[in-house]
Structures are given as C-alpha cells and as structure tokens.
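S.K.: My structure is below; once you've seen it, I'll send some questions.
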Amino acid sequence: HMRYTKFDGILLSPSPSMDLGPHCPGRKVCMDNLPIDVTEAEIRDAVSFFGPAANVTIYNQRLDLDPGEDSMPKQRPKKAGYWANTLDKEIRKETPVYAFVEFSDDGALERSYTDNVRIFGVVIRQHCSRVSLASEFDTLYLEIPANEERKEGEEPQSAPFGDGPSPPPVEHSLEIEMRLRDVMGADIFIVMGLGEHEWATPATVEVKFPSHEVASWAKGKIEESEECKAAGYRVNWFKTRPDAMKHWKREVLI
C-alpha cells in the first residue's frame, strides 16, 4: 500500500459562482525555509528592500510545538573532518515553514525576482529563503491524518470480532477521490493519476491543477469543507518534509 498518491484536478466549465479573480497570483511570491517562529513583521522587514508588502501569509508553522530557543543545543554536534561538519545533513536541512508575500506594486515584485535574489535568496535569522513566483505553484499537498500513524509499508489490520477495540480507520485513495469530487462540485473533476492504486492508503495526496488560480480556489474549498475538517485534512503548497517534527520541536540545527 503506497504512502503517496497523485491526483489531477481538471477544470470543467466553471460556474458563475467560481470567481478566480481573488486567487490570481498577481504580485505574490513564495519564500521557503523560514525560521519556525518567524513573524509577519520579520518577513515584511526582510522584503522591504524590494518594496512594501500588502499582505503576508505564513504556512506550516506549529508554534504549539515550539519549546523555545532555550531548548536548542548550545553547539553543533562534532564531526570528524571539515567536510563532515559542514555538510552534515542534520545541520543543513531546510525548515517546513514558508510564506506567501503580496507586494503593493509591480516594481517591488520585479525587484524581488532578479537573478541575484533567485540565486542567493533572502536571509532571515541565518535562514536563506528562496523566492519564487506564486504563479509557479499549481499543486496542493493534502496530509491525511488517518493514514499517518501507520508505519511505512504496514498493512491496515482489523481486530478479530470481540477481541479488543478495532484500530483507527484508514482512508483509501478511492475514498479521498470521492470526497474531493464532492467538495469541488461541478467546477473541477478530481481523478486519480495513471497507475495509482485505488486501495492505497496514502499519508500524502498530491493534486495538480491547471493553474495557480484554480489551485488556490480549490484550497479554499477544501479548507471550508466541514467533511474535510472532520477528517483533519491539512493542505499545503509544499509536501511537508519527513523531518518537520524535528524542526518544529527545535531538534535540528540549521
């Protein structure tokens, strides 16, 4: 049973109620690899060189898990040799926190996406954040809590009748597909990717849409759906890294 399933969101004939205007990428950029406790004010200050930010939205931040800076190790783990210490994967990994920034004018957007910025990024508290145009993001990543607790490759088990409580229910790809179709209505048709298994129990589902506007509209529909809320779906523009919990709990040095 695979832990990752791909879907496609096909735009049908949009109804008059499907207003994509507010979801246009416009002057928005995405900044990744941000400090786990980054604030909107810090981001605004970091991008002020380009121009004023009209709006900042931070994603995948778990302040409820943050034990605070005092919990961080006082020094990096020692490794044998210069390269071992410099390239240590536990040190160089990126955080799961990112943000979308909308600028107030076109000039700010252009200055935020020069070759130098794209190559070297923007630094916030020693975190080098890449800057990408929001229009490049046309894919959503749904995390399925019902399938996250099982270990990789573990088959869902059923408790024998009358022999203790049954294990938590899992969600199969087919069930997720049907739920997303209901949420999208007649505007977007959700279909499983070629070669995907309908009885897989994915911990993460990738849904690719024809544009950022459509993906942003779909994101809003999923987040507003009472059924998706009850299932605990979490929606992101990036696939959450396997080591995200270590970052949120400050167990990884950057």
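Following the order of the structure tokens, first chain is A, next is B, and so on, with residues numbered from 1 inside each chain and ligands from 1 in the order they appear.
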Please provide the set of residues having any atom within 9 Å of Asp105 of chain A, restricted to only C-alpha atoms, with same-chain residues fewer than 5 positions apart removed, written as a ChimeraX atom specification.
M.R.: /A:27,51-54
S.K.: Do a neighbour search on Ser48 of chain A at 10 Å with only C-alpha atoms, toss out local chain neighbours closer than 5 positions, and write the hits as a PyMOL selection string.
M.R.: chain A and resi 42-43+53+103+108+112
S.K.: For the selection you just gave me, I'd like the residues written to a file as an mmCIF file, in the first residue's frame, keeping C-alpha atoms.
M.R.:
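Output file selection.cif follows:
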```
data_model
loop_
_atom_site.group_PDB
_atom_site.id
_atom_site.type_symbol
_atom_site.label_atom_id
_atom_site.label_comp_id
_atom_site.auth_asym_id
_atom_site.auth_seq_id
_atom_site.Cartn_x
_atom_site.Cartn_y
_atom_site.Cartn_z
ATOM 1 C CA GLU A 42 10.221 39.972 10.247
ATOM 2 C CA ILE A 43 9.142 38.978 6.745
ATOM 3 C CA ALA A 53 4.260 44.154 1.300
ATOM 4 C CA PHE A 103 3.642 43.294 -2.863
ATOM 5 C CA ALA A 108 8.572 45.535 -5.872
ATOM 6 C CA SER A 112 12.175 40.540 -5.631
#
```
S.K.: List the neighbours of Arg111 of chain A out to 10 Å using only C-alpha atoms; skip same-chain residues closer than 4 positions along the sequence, and give me the result as a VMD selection string.
M.R.: chain A and resid 47 49 to 51 106 to 107 115 to 117
S.K.: So that I can check the surroundings of Trp248 of chain A, please list as a list in words every protein, DNA and RNA residue that reaches within 9 Å of it, counting only C-alpha atoms and ignoring chain neighbours fewer than 3 positions away.
M.R.: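 Non-adjacent residues within range: Ile36, Asp37, Gln61, Arg62, Leu63, Asp64, Leu65, Asp66, Pro67, Thr95, Pro96, Ala244, Met245, Glu251 and Val252 of chain A.
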S.K.: Put those residues in a file: C-alpha atoms, as an mmCIF file, in the first residue's frame.
M.R.:
```cif
data_model
loop_
_atom_site.group_PDB
_atom_site.id
_atom_site.type_symbol
_atom_site.label_atom_id
_atom_site.label_comp_id
_atom_site.auth_asym_id
_atom_site.auth_seq_id
_atom_site.Cartn_x
_atom_site.Cartn_y
_atom_site.Cartn_z
ATOM 1 C CA ILE A 36 9.970 28.078 12.676
ATOM 2 C CA ASP A 37 8.874 31.054 14.796
ATOM 3 C CA GLN A 61 4.016 26.917 11.316
ATOM 4 C CA ARG A 62 3.448 24.943 14.553
ATOM 5 C CA LEU A 63 4.098 27.341 17.407
ATOM 6 C CA ASP A 64 2.213 24.979 19.723
ATOM 7 C CA LEU A 65 5.133 22.534 19.409
ATOM 8 C CA ASP A 66 7.909 25.108 19.830
ATOM 9 C CA PRO A 67 9.725 24.648 23.182
ATOM 10 C CA THR A 95 12.565 24.062 7.657
ATOM 11 C CA PRO A 96 8.949 23.256 6.672
ATOM 12 C CA ALA A 244 9.277 18.548 10.004
ATOM 13 C CA MET A 245 8.550 17.496 13.592
ATOM 14 C CA GLU A 251 15.704 19.230 17.406
ATOM 15 C CA VAL A 252 17.540 20.127 14.164
#
```
S.K.: Which is closest to Val235 of chain A among A:Glu171, A:Glu148, A:Glu196, A:Glu143, if we use only C-alpha atoms?
M.R.: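 Using only C-alpha atoms, Val235 of chain A sits closest to A:Glu143.
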S.K.: Report the distance between atom CA of Ser211 of chain A and atom CA of Ile58 of chain A in Å, rounded to one decimal place.
M.R.: 21.1 Å
S.K.: Using only C-alpha atoms, which of A:Ala203, A:Val122, A:Ile10, A:Val97 sits nearest Arg44 of chain A?
M.R.: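 So, comparing all the options, the nearest one is A:Val122.
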S.K.: Ranking A:Glu177, A:Glu110, A:Glu223, A:Glu94 by minimum distance to Asn33 of chain A and counting only C-alpha atoms, which one comes first?
M.R.: A:Glu94
S.K.: What does the distance from atom CA of Glu206 of chain A to atom CA of Gly9 of chain A come to in Å, to one decimal?
M.R.: 10.0 Å
S.K.: Restricting the calculation to only C-alpha atoms, which member of A:Thr139, A:Leu12, A:Ala231, A:Gly220 is positioned closest to Arg179 of chain A?
M.R.: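 The closest residue to Arg179 of chain A is A:Ala231.
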S.K.: What is the atom CA of Lys239 of chain A-atom CA of Glu198 of chain A distance in Å, reported with one decimal?
M.R.: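 Answer for the atom CA of Lys239 of chain A to atom CA of Glu198 of chain A separation: 20.8 Å.
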